Each structure stands twice: as structure tokens, then as C-alpha cells.
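Data from protein-v8.cif: mmCIF, N, CA, C and O atoms
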data_my_file
loop_
_atom_site.label_atom_id
_atom_site.label_comp_id
_atom_site.auth_asym_id
_atom_site.auth_seq_id
_atom_site.Cartn_x
_atom_site.Cartn_y
_atom_site.Cartn_z
N VAL A 1236 -273.89 -240.37 -168.56
CA VAL A 1236 -273.21 -240.24 -167.28
C VAL A 1236 -271.75 -239.87 -167.49
O VAL A 1236 -271.24 -238.96 -166.86
N LEU A 1237 -271.09 -240.59 -168.39
CA LEU A 1237 -269.65 -240.39 -168.56
C LEU A 1237 -269.32 -238.97 -169.02
O LEU A 1237 -268.27 -238.45 -168.67
N TYR A 1238 -270.21 -238.33 -169.77
CA TYR A 1238 -269.95 -236.97 -170.24
C TYR A 1238 -270.01 -235.95 -169.11
O TYR A 1238 -269.41 -234.88 -169.22
N GLU A 1239 -270.68 -236.25 -168.03
CA GLU A 1239 -270.80 -235.32 -166.92
C GLU A 1239 -269.66 -235.44 -165.92
O GLU A 1239 -269.56 -234.66 -164.99
N LEU A 1240 -268.80 -236.40 -166.08
CA LEU A 1240 -267.75 -236.64 -165.11
C LEU A 1240 -266.62 -235.63 -165.16
O LEU A 1240 -265.77 -235.61 -164.27
N ASP A 1241 -266.62 -234.76 -166.16
CA ASP A 1241 -265.54 -233.78 -166.27
C ASP A 1241 -265.52 -232.80 -165.09
O ASP A 1241 -264.50 -232.18 -164.83
N ARG A 1242 -266.62 -232.70 -164.36
CA ARG A 1242 -266.67 -231.83 -163.18
C ARG A 1242 -266.17 -232.52 -161.93
O ARG A 1242 -265.95 -231.90 -160.91
N CYS A 1243 -265.98 -233.83 -162.00
CA CYS A 1243 -265.57 -234.62 -160.84
C CYS A 1243 -264.04 -234.72 -160.78
O CYS A 1243 -263.35 -234.45 -161.74
N SER A 1244 -263.56 -235.14 -159.62
CA SER A 1244 -262.12 -235.36 -159.46
C SER A 1244 -261.66 -236.51 -160.36
O SER A 1244 -262.47 -237.35 -160.77
N PRO A 1245 -260.37 -236.56 -160.68
CA PRO A 1245 -259.87 -237.66 -161.51
C PRO A 1245 -260.14 -239.04 -160.91
O PRO A 1245 -260.42 -239.99 -161.64
N GLU A 1246 -260.09 -239.15 -159.59
CA GLU A 1246 -260.35 -240.43 -158.94
C GLU A 1246 -261.79 -240.88 -159.16
O GLU A 1246 -262.05 -242.05 -159.45
N VAL A 1247 -262.72 -239.96 -159.02
CA VAL A 1247 -264.14 -240.27 -159.22
C VAL A 1247 -264.39 -240.61 -160.68
O VAL A 1247 -265.11 -241.57 -160.99
N THR A 1248 -263.79 -239.86 -161.58
CA THR A 1248 -263.94 -240.15 -163.00
C THR A 1248 -263.45 -241.56 -163.30
O THR A 1248 -264.11 -242.32 -164.02
N ASP A 1249 -262.31 -241.95 -162.74
CA ASP A 1249 -261.76 -243.29 -162.96
C ASP A 1249 -262.70 -244.37 -162.42
O ASP A 1249 -263.01 -245.33 -163.12
N VAL A 1250 -263.16 -244.20 -161.20
CA VAL A 1250 -264.04 -245.21 -160.58
C VAL A 1250 -265.34 -245.35 -161.37
O VAL A 1250 -265.78 -246.46 -161.66
N CYS A 1251 -265.95 -244.24 -161.74
CA CYS A 1251 -267.22 -244.30 -162.48
C CYS A 1251 -267.02 -244.89 -163.86
O CYS A 1251 -267.84 -245.71 -164.31
N THR A 1252 -265.96 -244.51 -164.54
CA THR A 1252 -265.69 -245.06 -165.87
C THR A 1252 -265.45 -246.56 -165.78
O THR A 1252 -266.01 -247.33 -166.57
N ARG A 1253 -264.66 -246.99 -164.81
CA ARG A 1253 -264.38 -248.42 -164.66
C ARG A 1253 -265.62 -249.20 -164.26
O ARG A 1253 -265.78 -250.36 -164.64
N SER A 1254 -266.51 -248.60 -163.50
CA SER A 1254 -267.71 -249.32 -163.07
C SER A 1254 -268.73 -249.48 -164.20
O SER A 1254 -269.55 -250.39 -164.17
N LEU A 1255 -268.65 -248.62 -165.21
CA LEU A 1255 -269.59 -248.68 -166.33
C LEU A 1255 -269.00 -249.35 -167.57
O LEU A 1255 -269.75 -249.74 -168.47
N SER A 1256 -267.70 -249.45 -167.63
CA SER A 1256 -267.03 -250.05 -168.78
C SER A 1256 -265.65 -250.52 -168.35
O SER A 1256 -265.38 -250.62 -167.16
N SER A 1257 -264.80 -250.78 -169.30
CA SER A 1257 -263.41 -251.13 -169.01
C SER A 1257 -263.24 -252.48 -168.33
O SER A 1257 -262.32 -252.69 -167.56
N GLY A 1258 -264.14 -253.40 -168.62
CA GLY A 1258 -264.01 -254.75 -168.09
C GLY A 1258 -263.22 -255.63 -169.04
O GLY A 1258 -262.63 -255.17 -170.01
N ILE A 1259 -263.24 -256.91 -168.79
CA ILE A 1259 -262.59 -257.90 -169.65
C ILE A 1259 -263.56 -258.23 -170.78
O ILE A 1259 -264.71 -258.61 -170.54
N THR A 1260 -263.11 -258.09 -172.01
CA THR A 1260 -263.96 -258.30 -173.19
C THR A 1260 -264.36 -259.76 -173.32
O THR A 1260 -263.54 -260.65 -173.16
N LEU A 1261 -265.63 -259.98 -173.63
CA LEU A 1261 -266.17 -261.35 -173.78
C LEU A 1261 -266.34 -261.80 -175.22
O LEU A 1261 -266.58 -262.97 -175.47
N GLY A 1262 -266.30 -260.92 -176.16
CA GLY A 1262 -266.52 -261.33 -177.54
C GLY A 1262 -266.52 -260.16 -178.49
O GLY A 1262 -265.98 -259.11 -178.18
N PRO A 1263 -267.19 -260.31 -179.62
CA PRO A 1263 -267.18 -259.26 -180.65
C PRO A 1263 -268.07 -258.07 -180.26
O PRO A 1263 -268.90 -258.16 -179.34
N ASP A 1264 -267.89 -256.99 -180.99
CA ASP A 1264 -268.73 -255.80 -180.81
C ASP A 1264 -270.17 -256.18 -181.10
O ASP A 1264 -270.48 -256.79 -182.12
N LEU A 1265 -271.07 -255.82 -180.19
CA LEU A 1265 -272.49 -256.18 -180.32
C LEU A 1265 -273.36 -254.99 -180.69
O LEU A 1265 -274.56 -255.04 -180.54
N GLY A 1266 -272.76 -253.93 -181.15
CA GLY A 1266 -273.51 -252.74 -181.52
C GLY A 1266 -272.92 -251.50 -180.90
O GLY A 1266 -272.40 -250.64 -181.57
N TYR A 1267 -272.98 -251.40 -179.57
CA TYR A 1267 -272.36 -250.28 -178.85
C TYR A 1267 -270.92 -250.60 -178.53
O TYR A 1267 -270.06 -249.74 -178.57
N ALA A 1268 -270.67 -251.82 -178.18
CA ALA A 1268 -269.33 -252.28 -177.79
C ALA A 1268 -269.44 -253.76 -177.48
O ALA A 1268 -270.54 -254.30 -177.37
N PRO A 1269 -268.31 -254.43 -177.30
CA PRO A 1269 -268.39 -255.84 -176.89
C PRO A 1269 -268.90 -255.94 -175.45
O PRO A 1269 -268.74 -255.01 -174.66
N ALA A 1270 -269.52 -257.07 -175.14
CA ALA A 1270 -269.86 -257.33 -173.74
C ALA A 1270 -268.57 -257.47 -172.96
O ALA A 1270 -267.55 -257.93 -173.48
N GLU A 1271 -268.59 -257.04 -171.72
CA GLU A 1271 -267.42 -257.11 -170.84
C GLU A 1271 -267.87 -257.62 -169.48
O GLU A 1271 -269.06 -257.67 -169.19
N TYR A 1272 -266.90 -257.98 -168.66
CA TYR A 1272 -267.24 -258.35 -167.29
C TYR A 1272 -266.12 -257.94 -166.34
O TYR A 1272 -264.98 -257.72 -166.75
N HIS A 1273 -266.48 -257.81 -165.07
CA HIS A 1273 -265.53 -257.63 -163.97
C HIS A 1273 -265.58 -258.90 -163.14
O HIS A 1273 -266.67 -259.37 -162.80
N ASP A 1274 -264.41 -259.43 -162.80
CA ASP A 1274 -264.40 -260.60 -161.92
C ASP A 1274 -264.72 -260.16 -160.49
O ASP A 1274 -264.87 -258.97 -160.21
N THR A 1275 -264.83 -261.11 -159.59
CA THR A 1275 -265.27 -260.80 -158.23
C THR A 1275 -264.31 -259.88 -157.49
O THR A 1275 -264.75 -259.06 -156.68
N GLU A 1276 -263.02 -259.97 -157.78
CA GLU A 1276 -262.05 -259.08 -157.13
C GLU A 1276 -262.24 -257.64 -157.55
O GLU A 1276 -262.19 -256.73 -156.72
N VAL A 1277 -262.47 -257.41 -158.83
CA VAL A 1277 -262.68 -256.05 -159.32
C VAL A 1277 -264.01 -255.51 -158.81
O VAL A 1277 -264.11 -254.34 -158.42
N VAL A 1278 -265.03 -256.35 -158.77
CA VAL A 1278 -266.33 -255.93 -158.23
C VAL A 1278 -266.16 -255.48 -156.78
O VAL A 1278 -266.67 -254.42 -156.38
N ALA A 1279 -265.43 -256.24 -155.98
CA ALA A 1279 -265.21 -255.86 -154.58
C ALA A 1279 -264.44 -254.55 -154.47
O ALA A 1279 -264.78 -253.68 -153.65
N GLU A 1280 -263.42 -254.39 -155.31
CA GLU A 1280 -262.64 -253.15 -155.31
C GLU A 1280 -263.51 -251.95 -155.66
O GLU A 1280 -263.49 -250.91 -154.98
N LEU A 1281 -264.29 -252.09 -156.72
CA LEU A 1281 -265.15 -250.98 -157.13
C LEU A 1281 -266.26 -250.72 -156.12
O LEU A 1281 -266.63 -249.57 -155.87
N ALA A 1282 -266.80 -251.77 -155.52
CA ALA A 1282 -267.86 -251.60 -154.52
C ALA A 1282 -267.39 -250.78 -153.34
O ALA A 1282 -268.17 -250.04 -152.74
N SER A 1283 -266.12 -250.87 -153.02
CA SER A 1283 -265.60 -250.08 -151.90
C SER A 1283 -265.36 -248.62 -152.30
O SER A 1283 -265.37 -247.73 -151.45
N ALA A 1284 -265.17 -248.36 -153.60
CA ALA A 1284 -264.90 -247.01 -154.07
C ALA A 1284 -266.12 -246.28 -154.62
O ALA A 1284 -266.19 -245.05 -154.56
N VAL A 1285 -267.08 -247.02 -155.16
CA VAL A 1285 -268.24 -246.39 -155.81
C VAL A 1285 -269.07 -245.52 -154.86
O VAL A 1285 -269.50 -244.43 -155.27
N PRO A 1286 -269.32 -245.90 -153.61
CA PRO A 1286 -270.14 -245.03 -152.76
C PRO A 1286 -269.59 -243.61 -152.62
O PRO A 1286 -270.35 -242.64 -152.72
N ASP A 1287 -268.27 -243.46 -152.42
CA ASP A 1287 -267.69 -242.11 -152.33
C ASP A 1287 -267.75 -241.39 -153.66
O ASP A 1287 -268.00 -240.18 -153.71
N ALA A 1288 -267.54 -242.12 -154.74
CA ALA A 1288 -267.60 -241.51 -156.07
C ALA A 1288 -269.01 -241.00 -156.36
O ALA A 1288 -269.19 -239.89 -156.87
N VAL A 1289 -270.00 -241.80 -156.03
CA VAL A 1289 -271.39 -241.40 -156.25
C VAL A 1289 -271.74 -240.20 -155.37
O VAL A 1289 -272.42 -239.27 -155.82
N ALA A 1290 -271.26 -240.18 -154.15
CA ALA A 1290 -271.53 -239.04 -153.26
C ALA A 1290 -270.97 -237.75 -153.85
O ALA A 1290 -271.63 -236.70 -153.82
N GLU A 1291 -269.75 -237.81 -154.40
CA GLU A 1291 -269.18 -236.61 -155.03
C GLU A 1291 -270.00 -236.20 -156.24
O GLU A 1291 -270.30 -235.02 -156.43
N TYR A 1292 -270.35 -237.17 -157.07
CA TYR A 1292 -271.16 -236.88 -158.26
C TYR A 1292 -272.48 -236.22 -157.87
O TYR A 1292 -272.88 -235.20 -158.45
N GLU A 1293 -273.14 -236.77 -156.86
CA GLU A 1293 -274.42 -236.20 -156.40
C GLU A 1293 -274.23 -234.79 -155.85
O GLU A 1293 -275.07 -233.91 -156.08
N SER A 1294 -273.13 -234.55 -155.13
CA SER A 1294 -272.90 -233.23 -154.53
C SER A 1294 -272.69 -232.15 -155.59
O SER A 1294 -272.91 -230.97 -155.32
N LEU A 1295 -272.29 -232.56 -156.78
CA LEU A 1295 -272.09 -231.62 -157.88
C LEU A 1295 -273.36 -231.43 -158.71
O LEU A 1295 -273.35 -230.72 -159.71
N GLY A 1296 -274.46 -232.05 -158.28
CA GLY A 1296 -275.73 -231.89 -158.97
C GLY A 1296 -275.81 -232.62 -160.29
O GLY A 1296 -276.48 -232.15 -161.22
N GLY A 1297 -275.16 -233.77 -160.38
CA GLY A 1297 -275.17 -234.55 -161.62
C GLY A 1297 -276.58 -234.93 -162.05
O GLY A 1297 -277.42 -235.28 -161.22
N THR A 1298 -276.84 -234.86 -163.33
CA THR A 1298 -278.15 -235.15 -163.90
C THR A 1298 -278.59 -236.59 -163.64
O THR A 1298 -279.77 -236.87 -163.50
N PHE A 1299 -277.63 -237.50 -163.57
CA PHE A 1299 -277.94 -238.92 -163.43
C PHE A 1299 -277.70 -239.43 -162.01
O PHE A 1299 -277.28 -240.57 -161.81
N ALA A 1300 -277.98 -238.61 -161.01
CA ALA A 1300 -277.74 -238.98 -159.61
C ALA A 1300 -278.51 -240.24 -159.22
O ALA A 1300 -277.98 -241.11 -158.52
N ARG A 1301 -279.75 -240.35 -159.67
CA ARG A 1301 -280.55 -241.53 -159.33
C ARG A 1301 -279.93 -242.80 -159.93
O ARG A 1301 -279.81 -243.82 -159.26
N GLU A 1302 -279.52 -242.71 -161.18
CA GLU A 1302 -278.89 -243.86 -161.83
C GLU A 1302 -277.57 -244.22 -161.17
O GLU A 1302 -277.24 -245.41 -161.04
N MET A 1303 -276.83 -243.23 -160.74
CA MET A 1303 -275.56 -243.49 -160.05
C MET A 1303 -275.81 -244.15 -158.69
O MET A 1303 -275.03 -245.01 -158.27
N ALA A 1304 -276.89 -243.79 -158.03
CA ALA A 1304 -277.25 -244.45 -156.77
C ALA A 1304 -277.59 -245.92 -157.03
O ALA A 1304 -277.22 -246.80 -156.25
N TYR A 1305 -278.29 -246.19 -158.13
CA TYR A 1305 -278.57 -247.59 -158.50
C TYR A 1305 -277.26 -248.34 -158.75
O TYR A 1305 -277.10 -249.49 -158.33
N LEU A 1306 -276.34 -247.70 -159.44
CA LEU A 1306 -275.05 -248.31 -159.72
C LEU A 1306 -274.32 -248.65 -158.42
O LEU A 1306 -273.78 -249.74 -158.26
N ARG A 1307 -274.31 -247.70 -157.49
CA ARG A 1307 -273.69 -247.92 -156.18
C ARG A 1307 -274.31 -249.14 -155.50
O ARG A 1307 -273.58 -250.05 -155.07
N ASP A 1308 -275.61 -249.17 -155.43
CA ASP A 1308 -276.29 -250.28 -154.74
C ASP A 1308 -276.04 -251.61 -155.44
O ASP A 1308 -275.87 -252.64 -154.79
N TYR A 1309 -275.98 -251.58 -156.76
CA TYR A 1309 -275.74 -252.79 -157.55
C TYR A 1309 -274.36 -253.37 -157.25
O TYR A 1309 -274.21 -254.57 -157.02
N TYR A 1310 -273.34 -252.51 -157.22
CA TYR A 1310 -271.99 -252.98 -156.93
C TYR A 1310 -271.84 -253.46 -155.49
O TYR A 1310 -271.22 -254.50 -155.23
N VAL A 1311 -272.41 -252.73 -154.56
CA VAL A 1311 -272.30 -253.13 -153.15
C VAL A 1311 -272.98 -254.48 -152.93
O VAL A 1311 -272.42 -255.38 -152.29
N ASP A 1312 -274.17 -254.65 -153.51
CA ASP A 1312 -274.88 -255.92 -153.38
C ASP A 1312 -274.10 -257.06 -154.05
O ASP A 1312 -273.97 -258.16 -153.49
N ALA A 1313 -273.58 -256.82 -155.23
CA ALA A 1313 -272.82 -257.85 -155.94
C ALA A 1313 -271.58 -258.25 -155.16
O ALA A 1313 -271.25 -259.43 -155.06
N ALA A 1314 -270.90 -257.28 -154.57
CA ALA A 1314 -269.70 -257.59 -153.78
C ALA A 1314 -270.06 -258.40 -152.54
O ALA A 1314 -269.34 -259.35 -152.19
N GLN A 1315 -271.15 -258.05 -151.88
CA GLN A 1315 -271.57 -258.80 -150.70
C GLN A 1315 -271.89 -260.25 -151.03
O GLN A 1315 -271.65 -261.15 -150.24
N ARG A 1316 -272.40 -260.48 -152.23
CA ARG A 1316 -272.76 -261.83 -152.67
C ARG A 1316 -271.60 -262.54 -153.38
O ARG A 1316 -271.75 -263.67 -153.83
N ARG A 1317 -270.48 -261.82 -153.53
CA ARG A 1317 -269.30 -262.34 -154.23
C ARG A 1317 -269.61 -262.69 -155.69
O ARG A 1317 -269.19 -263.72 -156.20
N TYR A 1318 -270.35 -261.80 -156.34
CA TYR A 1318 -270.71 -261.98 -157.75
C TYR A 1318 -269.70 -261.27 -158.65
O TYR A 1318 -269.13 -260.25 -158.28
N ALA A 1319 -269.56 -261.79 -159.85
CA ALA A 1319 -268.89 -261.07 -160.93
C ALA A 1319 -269.94 -260.14 -161.55
O ALA A 1319 -271.12 -260.21 -161.21
N MET A 1320 -269.51 -259.28 -162.47
CA MET A 1320 -270.43 -258.28 -163.03
C MET A 1320 -270.34 -258.28 -164.55
O MET A 1320 -269.25 -258.15 -165.11
N LEU A 1321 -271.49 -258.43 -165.22
CA LEU A 1321 -271.56 -258.33 -166.67
C LEU A 1321 -271.81 -256.88 -167.04
O LEU A 1321 -272.68 -256.22 -166.46
N LEU A 1322 -271.06 -256.39 -168.01
CA LEU A 1322 -271.22 -255.02 -168.52
C LEU A 1322 -271.64 -255.13 -169.98
O LEU A 1322 -270.86 -255.55 -170.83
N TYR A 1323 -272.87 -254.76 -170.26
CA TYR A 1323 -273.40 -254.92 -171.62
C TYR A 1323 -274.44 -253.85 -171.88
O TYR A 1323 -275.39 -253.72 -171.11
N LEU A 1324 -274.26 -253.11 -172.95
CA LEU A 1324 -275.24 -252.11 -173.37
C LEU A 1324 -276.04 -252.66 -174.52
O LEU A 1324 -275.47 -253.13 -175.52
N ALA A 1325 -277.35 -252.64 -174.40
CA ALA A 1325 -278.21 -253.16 -175.47
C ALA A 1325 -279.03 -252.04 -176.07
O ALA A 1325 -279.31 -251.07 -175.47
#
Can the structure from this file be put into C-alpha cells for me?
Amino acid sequence: VLYELDRCSPEVTDVCTRSLSSGITLGPDLGYAPAEYHDTEVVAELASAVPDAVAEYESLGGTFAREMAYLRDYYVDAAQRRYAMLLYLA
């Protein structure tokens, strides 16, 4: 996903990058990177920005449009429930 963001605006690139990584590090590198998390405030901030970012990504015909829609729904749901977010690639 991150490699396709070069066609998007800088704002969309920032929101998508932050929603997939760039959280607070939880420990050592686990293979791909250390586990990270976003606290509830960051989740709420990203949840308000991710829908527009995903819409722009989809309008450009991004290969991972379905996955980005899942990401949007995940953040919106987490924000509504006031959840923090774990970021971990396995």
C-alpha cells in the first residue's frame, strides 16, 4: 500500500502512512519492525482523516482499495468505541 501512495496528495500520504505505522514503539524489532500503538486520541484523529484519504486513494485506482476500505472501517469503529490501536506486522 505504502508504495502506491506516491500518486496521492501529501496529506493523504501522511494519513495513510500514519495509520499503518508511525505509532509509539512497544518493544524490540519483531522481524518486520517493532510493535507500535496509537493511543485513543491519535485513533480519533486518524479516524476523522482516513475516510477522505481512502476516497482519494480509491479514486486513483489504487490496487489495495479493498484493504484501504477495511482500514477506514477499522479506524472509524475503533474511534467510536474509544479504543487504542495496535500496529503489528507478523
Notebook entry, point to check: So what does the PyMOL selection byres ((chain A and resi 1311) around 8) actually pick up in this one, as JSON, numbers by chain?
Noted result: {"A": [1278, 1279, 1281, 1282, 1283, 1285, 1286, 1304, 1305, 1306, 1307, 1308, 1309, 1310, 1312, 1313, 1314, 1315, 1316, 1317, 1318]}
Checklist line | Selected residue, from A:Cys1243, A:Ala1325, A:Gly1296, A:Ala1319, that lies nearest to Thr1275 of chain A when counting all atoms listed in the file | finding: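 Among the listed residues, the smallest separation from Thr1275 of chain A belongs to A:Ala1319.
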Note to self: Can you spell out as a ChimeraX atom specification the set of residues that the PyMOL selection byres ((chain A and resi 1259) around 6) selects in the structure I just provided?
What the structure shows: /A:1257-1258,1260-1261,1270-1273
Check: In Å, with one decimal, what is the gap from atom O of Pro1269 of chain A to atom CA of Leu1322 of chain A?
Finding: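 Spanning atom O of Pro1269 of chain A to atom CA of Leu1322 of chain A is a straight-line distance of 6.6 Å.
With distances restricted to all atoms listed in the file, A:Tyr1323 is the closest residue to Ser1256 of chain A from A:Phe1299, A:Ala1284, A:Arg1242, A:Tyr1323.
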Item checked: Straight-line distance linking atom O of Glu1302 of chain A with atom N of Glu1276 of chain A, stated in Å to one decimal -> 20.6 Å
Notebook entry, point to check: In chain A, what's strand (DSSP E) per DSSP? Answer as a PyMOL selection string?
Noted result: chain A and resi 1259-1264+1269-1273+1320-1322
Item checked: alpha helix (DSSP H) per DSSP on the backbone: members of chain A, as JSON, numbers by chain -> {"A": [1245, 1246, 1247, 1248, 1249, 1250, 1251, 1252, 1253, 1254, 1255, 1275, 1276, 1277, 1278, 1279, 1280, 1281, 1282, 1283, 1284, 1285, 1286, 1287, 1288, 1289, 1290, 1291, 1292, 1293, 1294, 1300, 1301, 1302, 1303, 1304, 1305, 1306, 1307, 1308, 1309, 1310, 1311, 1312, 1313, 1314, 1315]}
Margin query: Using Å and a single decimal, report how far atom CA of Val1277 of chain A sits from atom CA of Leu1237 of chain A.
Written below: 19.5 Å
Kindly reconstruct segment 1298-1308 of chain A with all heavy atoms and present the result as a compact mmCIF listing (two decimals), in the coordinates of the input.
# COMPACT_ATOMS: atom_id res chain seq x y z
N THR A 1298 -276.84 -234.86 -163.33
CA THR A 1298 -278.15 -235.15 -163.90
C THR A 1298 -278.59 -236.59 -163.64
O THR A 1298 -279.77 -236.87 -163.50
CB THR A 1298 -278.12 -234.89 -165.42
OG1 THR A 1298 -277.69 -233.55 -165.64
CG2 THR A 1298 -279.48 -235.10 -166.05
N PHE A 1299 -277.63 -237.50 -163.57
CA PHE A 1299 -277.94 -238.92 -163.43
C PHE A 1299 -277.70 -239.43 -162.01
O PHE A 1299 -277.28 -240.57 -161.81
CB PHE A 1299 -277.12 -239.73 -164.44
CG PHE A 1299 -277.39 -239.35 -165.86
CD1 PHE A 1299 -276.53 -238.50 -166.54
CD2 PHE A 1299 -278.51 -239.83 -166.51
CE1 PHE A 1299 -276.79 -238.14 -167.86
CE2 PHE A 1299 -278.78 -239.47 -167.82
CZ PHE A 1299 -277.91 -238.62 -168.50
N ALA A 1300 -277.98 -238.61 -161.01
CA ALA A 1300 -277.74 -238.98 -159.61
C ALA A 1300 -278.51 -240.24 -159.22
O ALA A 1300 -277.98 -241.11 -158.52
CB ALA A 1300 -278.08 -237.82 -158.68
N ARG A 1301 -279.75 -240.35 -159.67
CA ARG A 1301 -280.55 -241.53 -159.33
C ARG A 1301 -279.93 -242.80 -159.93
O ARG A 1301 -279.81 -243.82 -159.26
CB ARG A 1301 -281.98 -241.35 -159.80
CG ARG A 1301 -282.88 -242.55 -159.43
CD ARG A 1301 -284.28 -242.37 -159.90
NE ARG A 1301 -284.26 -242.34 -161.37
CZ ARG A 1301 -285.28 -242.01 -162.13
NH1 ARG A 1301 -286.42 -241.69 -161.59
NH2 ARG A 1301 -285.19 -242.01 -163.44
N GLU A 1302 -279.52 -242.71 -161.18
CA GLU A 1302 -278.89 -243.86 -161.83
C GLU A 1302 -277.57 -244.22 -161.17
O GLU A 1302 -277.24 -245.41 -161.04
CB GLU A 1302 -278.68 -243.58 -163.33
CG GLU A 1302 -279.95 -243.54 -164.13
CD GLU A 1302 -280.72 -242.22 -164.04
OE1 GLU A 1302 -280.25 -241.27 -163.38
OE2 GLU A 1302 -281.82 -242.14 -164.62
N MET A 1303 -276.83 -243.23 -160.74
CA MET A 1303 -275.56 -243.49 -160.05
C MET A 1303 -275.81 -244.15 -158.69
O MET A 1303 -275.03 -245.01 -158.27
CB MET A 1303 -274.76 -242.20 -159.90
CG MET A 1303 -274.28 -241.63 -161.22
SD MET A 1303 -273.17 -242.75 -162.12
CE MET A 1303 -271.69 -242.54 -161.18
N ALA A 1304 -276.89 -243.79 -158.03
CA ALA A 1304 -277.25 -244.45 -156.77
C ALA A 1304 -277.59 -245.92 -157.03
O ALA A 1304 -277.22 -246.80 -156.25
CB ALA A 1304 -278.41 -243.73 -156.09
N TYR A 1305 -278.29 -246.19 -158.13
CA TYR A 1305 -278.57 -247.59 -158.50
C TYR A 1305 -277.26 -248.34 -158.75
O TYR A 1305 -277.10 -249.49 -158.33
CB TYR A 1305 -279.42 -247.67 -159.77
CG TYR A 1305 -280.84 -247.19 -159.64
CD1 TYR A 1305 -281.49 -246.63 -160.73
CD2 TYR A 1305 -281.56 -247.31 -158.44
CE1 TYR A 1305 -282.81 -246.19 -160.64
CE2 TYR A 1305 -282.87 -246.88 -158.35
CZ TYR A 1305 -283.48 -246.31 -159.44
OH TYR A 1305 -284.77 -245.89 -159.36
N LEU A 1306 -276.34 -247.70 -159.44
CA LEU A 1306 -275.05 -248.31 -159.72
C LEU A 1306 -274.32 -248.65 -158.42
O LEU A 1306 -273.78 -249.74 -158.26
CB LEU A 1306 -274.20 -247.36 -160.58
CG LEU A 1306 -272.83 -247.86 -160.98
CD1 LEU A 1306 -272.96 -248.94 -162.05
CD2 LEU A 1306 -271.97 -246.70 -161.48
N ARG A 1307 -274.31 -247.70 -157.49
CA ARG A 1307 -273.69 -247.92 -156.18
C ARG A 1307 -274.31 -249.14 -155.50
O ARG A 1307 -273.58 -250.05 -155.07
CB ARG A 1307 -273.89 -246.67 -155.31
CG ARG A 1307 -273.38 -246.83 -153.89
CD ARG A 1307 -273.97 -245.78 -152.97
NE ARG A 1307 -275.43 -245.91 -152.95
CZ ARG A 1307 -276.27 -244.89 -152.93
NH1 ARG A 1307 -275.83 -243.65 -152.94
NH2 ARG A 1307 -277.57 -245.10 -152.89
N ASP A 1308 -275.61 -249.17 -155.43
CA ASP A 1308 -276.29 -250.28 -154.74
C ASP A 1308 -276.04 -251.61 -155.44
O ASP A 1308 -275.87 -252.64 -154.79
CB ASP A 1308 -277.79 -250.00 -154.66
CG ASP A 1308 -278.11 -248.76 -153.82
OD1 ASP A 1308 -277.23 -248.28 -153.08
OD2 ASP A 1308 -279.25 -248.27 -153.92
